[in-house]
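Okay, model_26.txt is below, compact mmCIF, C-alpha atoms:
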# COMPACT_ATOMS: atom_id res chain seq x y z
CA MET A 12 -14.21 -9.94 -28.61
CA THR A 13 -11.10 -9.36 -26.49
CA ARG A 14 -11.48 -6.41 -24.14
CA VAL A 15 -8.36 -4.65 -22.87
CA VAL A 16 -8.98 -2.12 -20.11
CA LEU A 17 -6.33 0.30 -18.91
CA LEU A 18 -6.88 1.73 -15.47
CA GLY A 19 -5.03 5.05 -15.56
CA GLY A 20 -4.27 7.28 -18.53
CA GLY A 21 -0.94 8.77 -17.47
CA VAL A 22 2.42 7.95 -19.01
CA GLY A 23 2.09 4.16 -18.78
CA GLY A 24 -1.60 3.86 -19.65
CA SER A 25 -1.37 6.22 -22.61
CA MET A 26 1.72 4.56 -24.06
CA VAL A 27 0.39 1.01 -23.77
CA SER A 28 -3.05 1.87 -25.15
CA ASN A 29 -1.63 3.86 -28.07
CA GLN A 30 0.83 1.11 -28.96
CA LEU A 31 -1.98 -1.46 -28.78
CA ALA A 32 -4.28 0.66 -30.92
CA ARG A 33 -1.68 1.03 -33.62
CA GLN A 34 -0.56 -2.59 -33.67
CA LEU A 35 -4.07 -4.04 -33.35
CA LYS A 36 -5.73 -1.59 -35.72
CA SER A 37 -7.09 -4.32 -38.01
CA GLU A 38 -8.51 -6.35 -35.12
CA ILE A 39 -10.13 -3.24 -33.60
CA LEU A 40 -11.68 -2.23 -36.92
CA ARG A 41 -13.04 -5.77 -37.35
CA GLY A 42 -14.63 -5.54 -33.87
CA GLU A 43 -12.44 -8.34 -32.46
CA VAL A 44 -10.59 -6.17 -29.95
CA GLU A 45 -11.72 -3.22 -27.84
CA ILE A 46 -9.36 -0.96 -25.91
CA THR A 47 -10.71 1.22 -23.11
CA VAL A 48 -8.78 3.74 -21.00
CA ILE A 49 -10.30 4.77 -17.67
CA ASN A 50 -8.95 8.06 -16.34
CA GLU A 51 -10.03 10.15 -13.37
CA SER A 52 -9.52 13.40 -15.28
CA ASP A 53 -10.06 14.55 -18.86
CA VAL A 54 -6.68 16.31 -18.73
CA HIS A 55 -3.29 14.66 -19.28
CA VAL A 56 -0.55 16.33 -17.23
CA TYR A 57 3.20 16.20 -17.92
CA GLN A 58 4.39 16.15 -14.33
CA PRO A 59 8.09 17.05 -14.85
CA TYR A 60 6.95 20.62 -15.49
CA PHE A 61 5.98 20.98 -11.80
CA LEU A 62 9.67 21.54 -11.00
CA TYR A 63 9.78 24.42 -13.46
CA MET A 64 6.44 25.83 -12.23
CA ALA A 65 7.96 26.24 -8.76
CA PHE A 66 10.46 28.66 -10.27
CA ASP A 67 7.86 30.39 -12.49
CA GLN A 68 9.56 28.98 -15.58
CA ALA A 69 6.37 27.17 -16.66
CA VAL A 70 2.64 27.58 -16.08
CA PRO A 71 -0.01 24.84 -15.81
CA ALA A 72 -1.14 25.24 -19.42
CA ASP A 73 2.36 24.23 -20.58
CA ALA A 74 1.93 20.83 -18.95
CA GLN A 75 -1.63 20.00 -19.98
CA ARG A 76 -3.41 18.54 -22.96
CA PRO A 77 -6.85 16.95 -23.23
CA GLU A 78 -6.54 13.22 -22.51
CA ARG A 79 -8.67 12.55 -25.59
CA SER A 80 -6.12 14.29 -27.81
CA VAL A 81 -3.32 12.12 -26.41
CA LEU A 82 -5.11 8.86 -27.24
CA ASN A 83 -5.49 7.18 -30.62
CA HIS A 84 -9.03 7.66 -31.96
CA LEU A 85 -9.59 3.88 -31.89
CA ILE A 86 -9.33 3.91 -28.09
CA LYS A 87 -12.44 4.33 -25.98
CA LEU A 88 -11.92 6.86 -23.15
CA VAL A 89 -13.99 6.73 -19.97
CA VAL A 90 -13.48 9.74 -17.71
CA GLY A 91 -14.61 8.99 -14.20
CA HIS A 92 -13.87 7.72 -10.73
CA ALA A 93 -12.96 4.04 -10.55
CA GLU A 94 -14.24 2.61 -7.30
CA ARG A 95 -12.52 -0.78 -7.41
CA VAL A 96 -11.31 -3.69 -9.46
CA ASP A 97 -13.56 -6.74 -9.07
CA ARG A 98 -11.25 -9.65 -9.89
CA ASP A 99 -13.99 -12.25 -9.51
CA ALA A 100 -16.10 -10.52 -12.13
CA ASN A 101 -13.11 -9.42 -14.25
CA ALA A 102 -14.47 -5.87 -14.25
CA VAL A 103 -13.64 -2.38 -13.08
CA VAL A 104 -16.50 -0.99 -11.00
CA MET A 105 -16.97 2.76 -11.45
CA GLY A 106 -18.16 5.22 -8.81
CA ASP A 107 -21.67 5.25 -10.33
CA GLY A 108 -21.86 1.46 -10.21
CA THR A 109 -21.17 0.91 -13.90
CA LYS A 110 -19.08 -2.19 -14.56
CA ILE A 111 -16.43 -2.17 -17.26
CA PRO A 112 -15.53 -5.79 -18.03
CA TYR A 113 -12.07 -6.84 -19.17
CA ASP A 114 -10.28 -9.86 -20.54
CA TYR A 115 -6.95 -8.16 -19.86
CA LEU A 116 -6.50 -5.36 -17.31
CA VAL A 117 -3.50 -3.03 -17.29
CA ILE A 118 -3.10 -1.12 -14.05
CA ALA A 119 -1.21 2.15 -14.47
CA THR A 120 -2.60 4.18 -11.60
CA GLY A 121 0.70 5.75 -10.56
CA SER A 122 1.46 7.07 -7.11
CA ARG A 123 0.75 10.19 -5.08
CA PRO A 124 2.74 12.21 -2.58
CA ALA A 125 1.31 11.57 0.87
CA PRO A 126 2.32 14.57 3.04
CA GLU A 127 -0.40 13.63 5.53
CA THR A 128 1.73 10.68 6.64
CA ILE A 129 4.17 13.08 8.34
CA PRO A 130 2.53 15.03 11.20
CA GLY A 131 2.82 18.80 10.70
CA LEU A 132 4.05 18.63 7.11
CA VAL A 133 0.82 19.76 5.44
CA GLU A 134 0.72 22.84 7.70
CA GLY A 135 4.44 23.56 7.84
CA GLY A 136 5.92 22.60 4.50
CA HIS A 137 5.76 22.99 0.75
CA ILE A 138 5.85 20.36 -1.96
CA PHE A 139 6.44 20.69 -5.69
CA TYR A 140 5.22 17.22 -6.66
CA THR A 141 1.69 18.43 -7.41
CA GLN A 142 0.57 21.34 -9.55
CA GLU A 143 -1.19 23.02 -6.62
CA GLY A 144 1.89 22.56 -4.41
CA ALA A 145 4.28 23.85 -7.06
CA LEU A 146 2.23 27.03 -7.53
CA LYS A 147 2.05 27.64 -3.76
CA LEU A 148 5.80 27.15 -3.54
CA ARG A 149 6.32 29.55 -6.45
CA ASP A 150 4.46 32.22 -4.47
CA ALA A 151 6.35 31.43 -1.26
CA LEU A 152 9.68 31.70 -3.07
CA ALA A 153 8.64 35.04 -4.57
CA GLU A 154 7.97 36.35 -1.06
CA PHE A 155 11.03 34.73 0.53
CA LYS A 156 13.16 37.32 2.32
CA GLY A 157 16.14 35.12 3.10
CA GLY A 158 17.17 32.54 5.66
CA ARG A 159 17.43 28.76 5.51
CA ILE A 160 15.63 26.70 2.87
CA VAL A 161 15.50 23.04 3.85
CA VAL A 162 14.88 20.38 1.19
CA THR A 163 13.98 17.08 2.85
CA VAL A 164 13.52 13.82 0.96
CA GLY A 165 11.16 11.02 2.03
CA VAL A 166 10.83 7.34 1.00
CA PRO A 167 9.54 6.19 -1.42
CA HIS A 168 9.21 9.01 -3.91
CA LYS A 169 8.87 9.39 -7.64
CA CYS A 170 11.36 11.08 -9.96
CA PRO A 171 14.40 10.29 -7.83
CA VAL A 172 16.58 13.04 -9.26
CA ALA A 173 14.09 15.91 -8.88
CA PRO A 174 15.11 16.64 -5.25
CA VAL A 175 18.75 17.16 -6.28
CA GLU A 176 17.65 19.21 -9.29
CA PHE A 177 15.41 21.38 -7.11
CA THR A 178 18.22 21.89 -4.60
CA LEU A 179 20.65 23.08 -7.29
CA MET A 180 18.00 25.23 -8.94
CA VAL A 181 16.92 26.91 -5.70
CA ARG A 182 20.58 27.70 -4.91
CA ASP A 183 20.88 29.40 -8.33
CA TRP A 184 17.54 31.15 -7.73
CA LEU A 185 18.73 32.62 -4.41
CA ASN A 186 22.10 33.67 -5.83
CA ASN A 187 20.46 35.41 -8.78
CA ARG A 188 18.36 37.46 -6.35
CA GLY A 189 21.27 38.61 -4.22
CA MET A 190 20.56 36.11 -1.43
CA GLN A 191 23.97 34.39 -1.50
CA SER A 192 24.03 34.48 2.30
CA SER A 193 20.81 32.46 2.53
CA GLU A 194 21.41 28.80 3.24
CA VAL A 195 20.22 25.76 1.30
CA PHE A 196 20.15 22.62 3.44
CA TYR A 197 19.38 19.16 1.99
CA THR A 198 18.53 15.99 3.88
CA TYR A 199 18.52 12.45 2.49
CA PRO A 200 17.33 9.14 3.99
CA ILE A 201 20.46 7.00 3.49
CA GLY A 202 24.17 7.57 4.10
CA ARG A 203 24.93 9.50 0.92
CA LEU A 204 23.30 12.31 -1.07
CA HIS A 205 21.51 10.09 -3.61
CA SER A 206 20.63 6.42 -3.92
CA LEU A 207 22.69 6.13 -7.11
CA GLU A 208 26.32 6.19 -6.02
CA PRO A 209 27.65 8.05 -9.10
CA VAL A 210 24.97 10.73 -8.64
CA ALA A 211 25.78 10.94 -4.92
CA ASN A 212 29.49 11.38 -5.63
CA TRP A 213 28.82 14.02 -8.26
CA ALA A 214 26.32 15.86 -6.02
CA SER A 215 28.78 15.82 -3.15
CA GLY A 216 31.32 17.83 -5.16
CA VAL A 217 28.74 20.19 -6.63
CA PHE A 218 27.09 20.83 -3.25
CA GLN A 219 30.46 21.74 -1.75
CA GLU A 220 31.35 23.98 -4.68
CA ARG A 221 27.97 25.77 -4.54
CA ASN A 222 27.83 26.06 -0.76
CA ILE A 223 24.90 23.70 -0.16
CA ASN A 224 24.83 22.02 3.26
CA SER A 225 23.42 18.58 3.88
CA GLN A 226 22.66 15.86 6.37
CA VAL A 227 22.39 12.19 5.47
CA PHE A 228 20.62 9.39 7.36
CA PHE A 229 17.70 11.76 7.89
CA ASN A 230 14.13 10.44 7.54
CA THR A 231 11.71 13.17 8.53
CA GLU A 232 9.23 11.84 11.06
CA SER A 233 7.52 15.07 12.12
CA VAL A 234 7.35 18.80 11.41
CA ASP A 235 6.72 21.48 14.02
CA PRO A 236 5.18 24.35 12.03
CA GLU A 237 5.33 26.77 15.01
CA LYS A 238 8.96 26.23 15.94
CA LYS A 239 9.78 25.68 12.24
CA THR A 240 11.74 22.51 12.81
CA ILE A 241 11.80 19.01 11.35
CA THR A 242 12.76 15.94 13.35
CA SER A 243 13.98 12.67 11.90
CA LEU A 244 13.27 9.13 13.04
CA GLU A 245 17.02 8.93 13.64
CA GLY A 246 16.51 11.60 16.34
CA ASP A 247 17.99 14.73 14.70
CA THR A 248 16.26 18.12 14.49
CA VAL A 249 16.86 20.80 11.85
CA SER A 250 15.34 24.31 11.79
CA TYR A 251 14.03 26.00 8.66
CA ASP A 252 12.66 29.28 7.34
CA LEU A 253 11.15 27.64 4.26
CA LEU A 254 10.58 23.89 4.14
CA VAL A 255 10.37 22.04 0.83
CA ALA A 256 9.56 18.36 1.31
CA ILE A 257 9.51 15.47 -1.09
CA PRO A 258 7.05 13.47 0.99
CA PRO A 259 6.79 9.70 1.13
CA HIS A 260 4.52 8.48 -1.66
CA MET A 261 1.74 5.90 -1.66
CA GLY A 262 -0.05 3.91 -4.30
CA GLN A 263 -3.56 5.09 -5.17
CA ASP A 264 -6.56 4.44 -2.93
CA VAL A 265 -8.37 2.47 -5.67
CA ILE A 266 -5.68 -0.20 -5.19
CA LYS A 267 -6.50 -0.34 -1.49
CA ARG A 268 -10.24 -0.45 -2.13
CA SER A 269 -9.63 -3.33 -4.55
CA GLY A 270 -7.49 -5.26 -2.05
CA LEU A 271 -4.68 -5.54 -4.60
CA GLY A 272 -1.81 -3.82 -2.82
CA ASP A 273 0.49 -4.07 0.18
CA ALA A 274 0.42 -1.69 3.16
CA GLY A 275 1.56 1.20 0.96
CA ASN A 276 -0.96 0.36 -1.81
CA TRP A 277 1.86 -0.95 -4.05
CA ILE A 278 0.88 -3.93 -6.20
CA PRO A 279 3.03 -7.09 -5.92
CA THR A 280 4.32 -7.48 -9.47
CA ASP A 281 6.57 -9.98 -11.26
CA ARG A 282 9.77 -8.07 -12.04
CA TYR A 283 10.16 -9.66 -15.49
CA SER A 284 6.66 -10.32 -16.84
CA LEU A 285 5.07 -7.26 -15.16
CA GLN A 286 2.03 -9.38 -14.36
CA MET A 287 0.39 -8.89 -11.01
CA GLU A 288 1.52 -11.76 -8.79
CA GLY A 289 -1.03 -14.55 -9.01
CA ALA A 290 -2.96 -12.95 -11.88
CA ASP A 291 -2.46 -14.11 -15.44
CA ASN A 292 -4.63 -11.42 -17.04
CA ILE A 293 -3.52 -8.35 -15.06
CA TYR A 294 -0.42 -6.33 -15.93
CA VAL A 295 0.99 -3.51 -13.79
CA LEU A 296 3.41 -0.80 -14.83
CA GLY A 297 4.88 2.50 -13.73
CA ASP A 298 4.72 3.75 -10.16
CA ALA A 299 1.90 1.37 -9.20
CA THR A 300 4.18 -1.69 -8.87
CA ASN A 301 6.06 -2.77 -5.77
CA LEU A 302 9.24 -3.27 -7.82
CA PRO A 303 12.51 -1.92 -6.38
CA ILE A 304 13.13 0.38 -9.33
CA SER A 305 12.81 4.12 -9.88
CA LYS A 306 9.31 5.55 -9.94
CA ALA A 307 9.78 7.59 -13.10
CA GLY A 308 8.19 8.23 -16.47
CA SER A 309 11.06 6.48 -18.21
CA THR A 310 10.44 3.33 -16.18
CA ALA A 311 6.81 3.33 -17.30
CA HIS A 312 8.00 4.01 -20.86
CA PHE A 313 10.27 0.95 -21.05
CA GLU A 314 7.72 -1.20 -19.22
CA ALA A 315 5.02 -0.07 -21.66
CA ASP A 316 7.00 -1.60 -24.54
CA VAL A 317 7.00 -4.96 -22.73
CA VAL A 318 3.33 -4.90 -21.71
CA SER A 319 2.05 -3.87 -25.13
CA SER A 320 4.26 -6.42 -26.94
CA ASN A 321 3.01 -9.22 -24.71
CA LEU A 322 -0.63 -8.20 -25.00
CA VAL A 323 -0.49 -8.03 -28.79
CA ASN A 324 1.26 -11.39 -28.86
CA ARG A 325 -1.24 -13.04 -26.50
CA ILE A 326 -4.27 -11.60 -28.25
CA ARG A 327 -2.91 -13.16 -31.46
CA GLY A 328 -2.42 -16.54 -29.80
CA GLY A 329 1.11 -16.29 -28.39
CA ARG A 330 2.33 -16.72 -24.83
CA GLY A 331 3.57 -13.16 -24.20
CA SER A 332 7.18 -13.98 -23.38
CA VAL A 333 8.97 -10.61 -23.62
CA ARG A 334 10.68 -9.81 -20.33
CA TYR A 335 11.35 -6.43 -18.73
CA ASP A 336 15.06 -6.03 -17.95
CA GLY A 337 14.66 -3.27 -15.36
CA LYS A 338 15.79 -0.50 -17.70
CA VAL A 339 15.56 3.08 -16.39
CA PHE A 340 16.90 6.28 -17.98
CA CYS A 341 16.89 9.68 -16.29
CA PHE A 342 18.02 13.13 -17.28
CA ILE A 343 19.58 15.13 -14.46
CA GLU A 344 19.50 18.93 -14.59
CA ALA A 345 22.81 20.10 -13.12
CA GLY A 346 22.13 23.85 -12.94
CA ASN A 347 24.28 26.38 -14.85
CA ASP A 348 22.46 25.35 -18.06
CA GLU A 349 24.01 21.89 -18.06
CA ALA A 350 22.53 18.44 -17.64
CA THR A 351 23.63 14.83 -17.55
CA TYR A 352 21.86 11.48 -17.69
CA ILE A 353 22.04 8.09 -16.13
CA LYS A 354 20.80 4.68 -17.23
CA PHE A 355 20.82 1.25 -15.66
CA ASP A 356 18.90 -2.02 -15.46
CA TYR A 357 18.69 -5.05 -13.16
CA GLN A 358 22.09 -6.30 -14.36
CA HIS A 359 24.03 -3.14 -15.16
CA PRO A 360 24.83 -0.41 -12.66
CA PRO A 361 24.78 3.22 -13.79
CA LYS A 362 27.91 4.89 -15.12
CA PRO A 363 28.37 8.61 -14.53
CA GLN A 364 28.53 10.99 -17.48
CA ALA A 365 29.91 14.53 -17.28
CA PRO A 366 27.18 17.22 -17.53
CA THR A 367 27.06 19.13 -20.81
CA GLU A 368 25.06 21.96 -22.32
CA MET A 369 23.96 19.67 -25.16
CA ILE A 370 22.20 17.24 -22.80
CA HIS A 371 20.48 20.18 -21.09
CA LEU A 372 19.21 21.34 -24.49
CA TYR A 373 18.04 17.81 -25.30
CA LYS A 374 16.18 17.63 -22.00
CA LEU A 375 14.42 20.92 -22.82
CA ALA A 376 13.55 19.51 -26.23
CA PHE A 377 12.25 16.29 -24.66
CA ASN A 378 9.88 18.36 -22.51
CA LYS A 379 8.19 19.30 -25.80
CA MET A 380 8.60 15.87 -27.39
CA TYR A 381 6.99 14.09 -24.41
CA TRP A 382 3.66 14.11 -26.21
CA LEU A 383 5.15 11.86 -28.90
CA SER A 384 6.19 9.46 -26.15
CA ALA A 385 2.70 9.41 -24.67
CA ALA A 386 1.40 8.75 -28.17
CA GLY A 387 3.61 5.66 -28.26
CA ILE A 388 5.65 7.01 -31.16
CA LEU A 389 8.95 8.08 -29.55
CA MET B 1 16.78 -17.08 9.84
CA ALA B 2 13.27 -16.39 11.15
CA ASP B 3 10.09 -16.14 9.06
CA ALA B 4 10.02 -12.71 7.50
CA LYS B 5 8.36 -10.48 4.93
CA VAL B 6 10.77 -10.55 1.96
CA ILE B 7 11.80 -7.39 0.13
CA ASP B 8 13.37 -8.56 -3.12
CA ALA B 9 15.75 -5.69 -3.95
CA ARG B 10 18.14 -7.70 -6.11
CA GLY B 11 19.44 -5.62 -9.00
CA SER B 12 18.07 -2.44 -7.45
CA PHE B 13 20.38 0.50 -8.04
CA CYS B 14 17.77 3.20 -7.51
CA PRO B 15 16.12 3.41 -5.01
CA GLY B 16 18.33 0.56 -3.76
CA PRO B 17 17.98 -2.05 -1.01
CA LEU B 18 18.30 0.31 1.97
CA MET B 19 15.66 2.69 0.62
CA GLU B 20 13.38 -0.31 0.02
CA LEU B 21 13.92 -1.36 3.63
CA ILE B 22 13.09 2.15 4.92
CA LYS B 23 9.91 2.07 2.84
CA GLY B 24 9.02 -1.29 4.41
CA ILE B 25 9.81 -0.09 7.94
CA ARG B 26 7.61 2.98 7.42
CA GLN B 27 4.58 1.08 6.21
CA GLU B 28 4.64 -2.13 8.30
CA PRO B 29 3.55 -2.43 11.95
CA VAL B 30 5.91 -2.68 14.94
CA GLY B 31 7.14 -6.24 15.42
CA THR B 32 7.36 -7.04 11.68
CA VAL B 33 10.54 -8.79 10.55
CA LEU B 34 11.64 -7.71 7.07
CA GLU B 35 14.21 -9.63 5.04
CA VAL B 36 15.98 -7.57 2.38
CA TRP B 37 17.54 -9.42 -0.55
CA SER B 38 20.36 -7.52 -2.21
CA SER B 39 22.87 -8.35 -4.93
CA ASP B 40 25.12 -5.56 -3.61
CA ARG B 41 27.75 -6.62 -1.07
CA GLY B 42 27.60 -3.09 0.42
CA SER B 43 24.09 -3.80 1.75
CA ALA B 44 25.49 -6.20 4.37
CA LYS B 45 27.18 -3.17 5.93
CA ASP B 46 24.92 -0.21 4.91
CA ILE B 47 21.71 -1.74 6.19
CA PRO B 48 22.97 -2.56 9.71
CA GLU B 49 24.49 0.92 9.94
CA TRP B 50 21.12 2.59 9.29
CA VAL B 51 19.22 0.09 11.45
CA ALA B 52 21.47 0.97 14.41
CA ARG B 53 20.91 4.72 13.88
CA ALA B 54 17.15 4.30 13.55
CA GLY B 55 16.93 2.12 16.65
CA HIS B 56 15.64 -1.06 15.03
CA GLU B 57 17.25 -4.51 15.26
CA VAL B 58 19.22 -6.70 12.83
CA VAL B 59 18.18 -10.28 13.52
CA GLY B 60 20.00 -12.01 10.66
CA ASN B 61 22.69 -11.26 8.06
CA VAL B 62 23.78 -14.02 5.67
CA GLU B 63 25.05 -14.50 2.12
CA GLU B 64 23.46 -17.25 0.01
CA ASP B 65 24.68 -17.82 -3.56
CA GLY B 66 25.82 -14.23 -3.97
CA ILE B 67 22.62 -12.77 -2.52
CA PHE B 68 22.94 -10.83 0.72
CA LYS B 69 19.97 -11.38 3.01
CA VAL B 70 19.56 -9.06 5.99
CA GLN B 71 16.69 -9.50 8.44
CA VAL B 72 15.52 -6.46 10.37
CA LYS B 73 12.90 -6.26 13.10
CA LYS B 74 10.88 -3.06 13.47
CA VAL B 75 10.96 -2.45 17.21
CA LYS B 76 9.37 0.98 17.64

What is this file in structure tokens?
Amino acid sequence: MTRVVLLGGGVGGSMVSNQLARQLKSEILRGEVEITVINESDVHVYQPYFLYMAFDQAVPADAQRPERSVLNHLIKLVVGHAERVDRDANAVVMGDGTKIPYDYLVIATGSRPAPETIPGLVEGGHIFYTQEGALKLRDALAEFKGGRIVVTVGVPHKCPVAPVEFTLMVRDWLNNRGMQSSEVFYTYPIGRLHSLEPVANWASGVFQERNINSQVFFNTESVDPEKKTITSLEGDTVSYDLLVAIPPHMGQDVIKRSGLGDAGNWIPTDRYSLQMEGADNIYVLGDATNLPISKAGSTAHFEADVVSSNLVNRIRGGRGSVRYDGKVFCFIEAGNDEATYIKFDYQHPPKPQAPTEMIHLYKLAFNKMYWLSAAGIL
Amino acid sequence: MADAKVIDARGSFCPGPLMELIKGIRQEPVGTVLEVWSSDRGSAKDIPEWVARAGHEVVGNVEEDGIFKVQVKKVK
């Protein structure tokens, strides 16, 4: 029997396992293949809703479904804490000592915001990249009496357009509550407002039009919660009344415990095959890789197609030769009930598209259709 | 060019080579030399500009077969 184990049941793990279950249905029913998903929680969370939760436009229940309901019934689900991957034994060792052996392992453990890596940030700032953080920020915004809201962006971080979206949305939020005189101030690590040049150029015009101030080349190194200031490693200091940080992210601790990652717990991964470097039977997708591409659900989505195709092919005797081309697609909420999108791959730079109401409506529809994506259907 | 930890950011439009370098600088110890590979000509200029602002040191900057390779030493 061929055992495929997926470590992580988020976007990447769910999509790969569901695609495998559908394509290998006959083999699974004959007992020749077994697919197991290991997930820390029994709940599947659609993280893009955190942005909306911060503005009280969504509640946690909107973003959650039981993990079991997301997975094909032919998939075995193990809910529990994975202690480490034992490459010598080809097994995942669980917190209770149980070993789950694999012939192929797919690592889709994602990433996590690591506010603790910036001194003072946990005490002095808010984040909207976790459910708990988004709800705390929602309450802080509700009590906000005016002043300067600083949005500061760290490296690396997932969902690269969310900081710009939040900035535009919080400007609208203040204006709609009669706080036009309050300031929104945005900082970004490199010399423009976004890593994608077309997005940076577009944001530059929109920020000016909507009276949003900014500072580039700003990598927050510390926060002083008493003085309410942030200081960058470039040596600049900015004061705030409400701080919203997109903190630097890290790969998950299970990667560190397994000795599979670099200093940030990112797994060295072949950019085309998506195999872990030096490991023929381990695939990595989504945020967990060290690849220089966007940490986003869409990245995991396109990578999932490659990983599942190659696994099906190899299980049936092929060599698994489909290559990932670096494709990423992102919607960008532009405020004022409009949105745009951007797509690119290793060979093709992004081209800007004018925001429209139609794309905004499609994005809202996709928020509902996400569950079809996780099911490996869309 | 000295021995260095390579950051292969060829074909990276987002986050891009400079963001990949900042990630590397943040997570590696002082004294590490990082070598960023970029297919974007702009990196040969953008990276040194940030390195100067952040107080680190460019120790190499060459083009080989259309790939721009910039070496940066983390000095603090």

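For the residues B:Val59, B:Ile47, B:Val75, B:Val33, ranking by smallest atom-to-atom distance to chain A using only C-alpha atoms places B:Ile47 first.
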
(message) Using only C-alpha atoms and a cut-off of 10 Å, which residues of chain B sit close to chain A? Please list them as a PyMOL selection string.
(response) chain B and resi 7-24+26-29+39+46-47+49-55

(request) For each of B:Pro48, B:Thr32, B:Gly42, B:His56, take the minimum atom-to-atom distance to Phe68 in chain B, counting only C-alpha atoms, then give the residue where this is smallest. (result)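 Looking at the shortest contact to Phe68 in chain B, the residue is B:Gly42.
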
(message) Using only C-alpha atoms, which protein or nucleic acid residues come within 8 Å of Thr47 in chain A? Drop anything in the same chain fewer than 2 positions from it, and give the result as a PyMOL selection string.
(response) chain A and resi 14-17+28+45+49+86-89

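For the pair CA of Val161 in chain A and CA of Tyr57 in chain A, the separation is 25.9 Å.
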
(message) With 9 Å as the threshold, what does the neighbourhood of (-9.0, 2.3, -6.0) contain in terms of residues, counting all atoms listed in the file? Coordinates are those of the file; answer as a list of chain:residue names.
(response) A:His92, A:Ala93, A:Glu94, A:Arg95, A:Val96, A:Thr120, A:Gln263, A:Asp264, A:Val265, A:Ile266, A:Lys267, A:Arg268, A:Ser269, A:Gly270

(request) Check the smallest atom-to-atom distance from each of A:Ser332, A:Gln226, A:Thr13, A:Asn321 to Asp114 in chain A using all atoms listed in the file, then report the winner. (result)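 Between A:Ser332, A:Gln226, A:Thr13, A:Asn321, the residue approaching Asp114 in chain A most closely is A:Thr13.
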
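Note that CA of Gly121 in chain A and CA of Asp298 in chain A are 4.5 Å apart.
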
(request) Go ahead and find all residues with at least one atom no further than 12 Å from (20.4, -11.1, 8.0) in the file's coordinates, using only C-alpha atoms; report them as a PyMOL selection string. (result) chain B and resi 1-4+6+33-38+43-45+47-48+51+57-64+67-73

(request) Considering all atoms listed in the file, return as an MDAnalysis selection string whatever protein or nucleic-acid residues lie within 10 Å of Asn347 in chain A, sequence-local ones (same chain, fewer than 4 positions apart) excluded. (result) chainID A and resid 179:180 183 366:368 371

Need the shell around Glu127 in chain A: protein/DNA/RNA residues with any atom at most 12 Å away, counting only C-alpha atoms. Skip same-chain ones fewer than 2 positions apart. Format as a PDB file with C-alpha atoms, in the frame of the given file?
ATOM      1  CA  ARG A 123       0.750  10.190  -5.080  1.00  0.00           C
ATOM      2  CA  PRO A 124       2.740  12.210  -2.580  1.00  0.00           C
ATOM      3  CA  ALA A 125       1.310  11.570   0.870  1.00  0.00           C
ATOM      4  CA  ILE A 129       4.170  13.080   8.340  1.00  0.00           C
ATOM      5  CA  PRO A 130       2.530  15.030  11.200  1.00  0.00           C
ATOM      6  CA  GLY A 131       2.820  18.800  10.700  1.00  0.00           C
ATOM      7  CA  LEU A 132       4.050  18.630   7.110  1.00  0.00           C
ATOM      8  CA  VAL A 133       0.820  19.760   5.440  1.00  0.00           C
ATOM      9  CA  GLU A 134       0.720  22.840   7.700  1.00  0.00           C
ATOM     10  CA  GLY A 135       4.440  23.560   7.840  1.00  0.00           C
ATOM     11  CA  GLY A 136       5.920  22.600   4.500  1.00  0.00           C
ATOM     12  CA  ILE A 138       5.850  20.360  -1.960  1.00  0.00           C
ATOM     13  CA  GLU A 232       9.230  11.840  11.060  1.00  0.00           C
ATOM     14  CA  SER A 233       7.520  15.070  12.120  1.00  0.00           C
ATOM     15  CA  VAL A 234       7.350  18.800  11.410  1.00  0.00           C
ATOM     16  CA  ALA A 256       9.560  18.360   1.310  1.00  0.00           C
ATOM     17  CA  PRO A 258       7.050  13.470   0.990  1.00  0.00           C
ATOM     18  CA  PRO A 259       6.790   9.700   1.130  1.00  0.00           C
ATOM     19  CA  HIS A 260       4.520   8.480  -1.660  1.00  0.00           C
ATOM     20  CA  MET A 261       1.740   5.900  -1.660  1.00  0.00           C
TER      21      MET A 261
END

(request) Rounded to one decimal place, report the CA of Leu253 in chain A-CA of Tyr197 in chain A distance in Å. (result)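 Atom-to-atom, CA of Leu253 in chain A and CA of Tyr197 in chain A are spaced 12.0 Å apart.
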
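Within the 8 Å cut-off around Gly24 in chain A, using all atoms listed in the file and omitting residues fewer than 5 positions from it on the same chain, the listed residues are Leu17, Leu18, Gly19, Val48, Val117, Ile118, Ala119 and Ala315 of chain A.
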
(request) Show which residues sit within 12 Å of Asn83 in chain A, as an MDAnalysis selection string. Count all atoms listed in the file, and ignore same-chain residues fewer than 4 positions away. (result) chainID A and resid 25:36 39 46:48 78:79 87:88 383 385:388

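Closest to Cys170 in chain A among A:Tyr60, A:Glu43, A:Met12, A:Asn187 is A:Tyr60, based on all atoms listed in the file.
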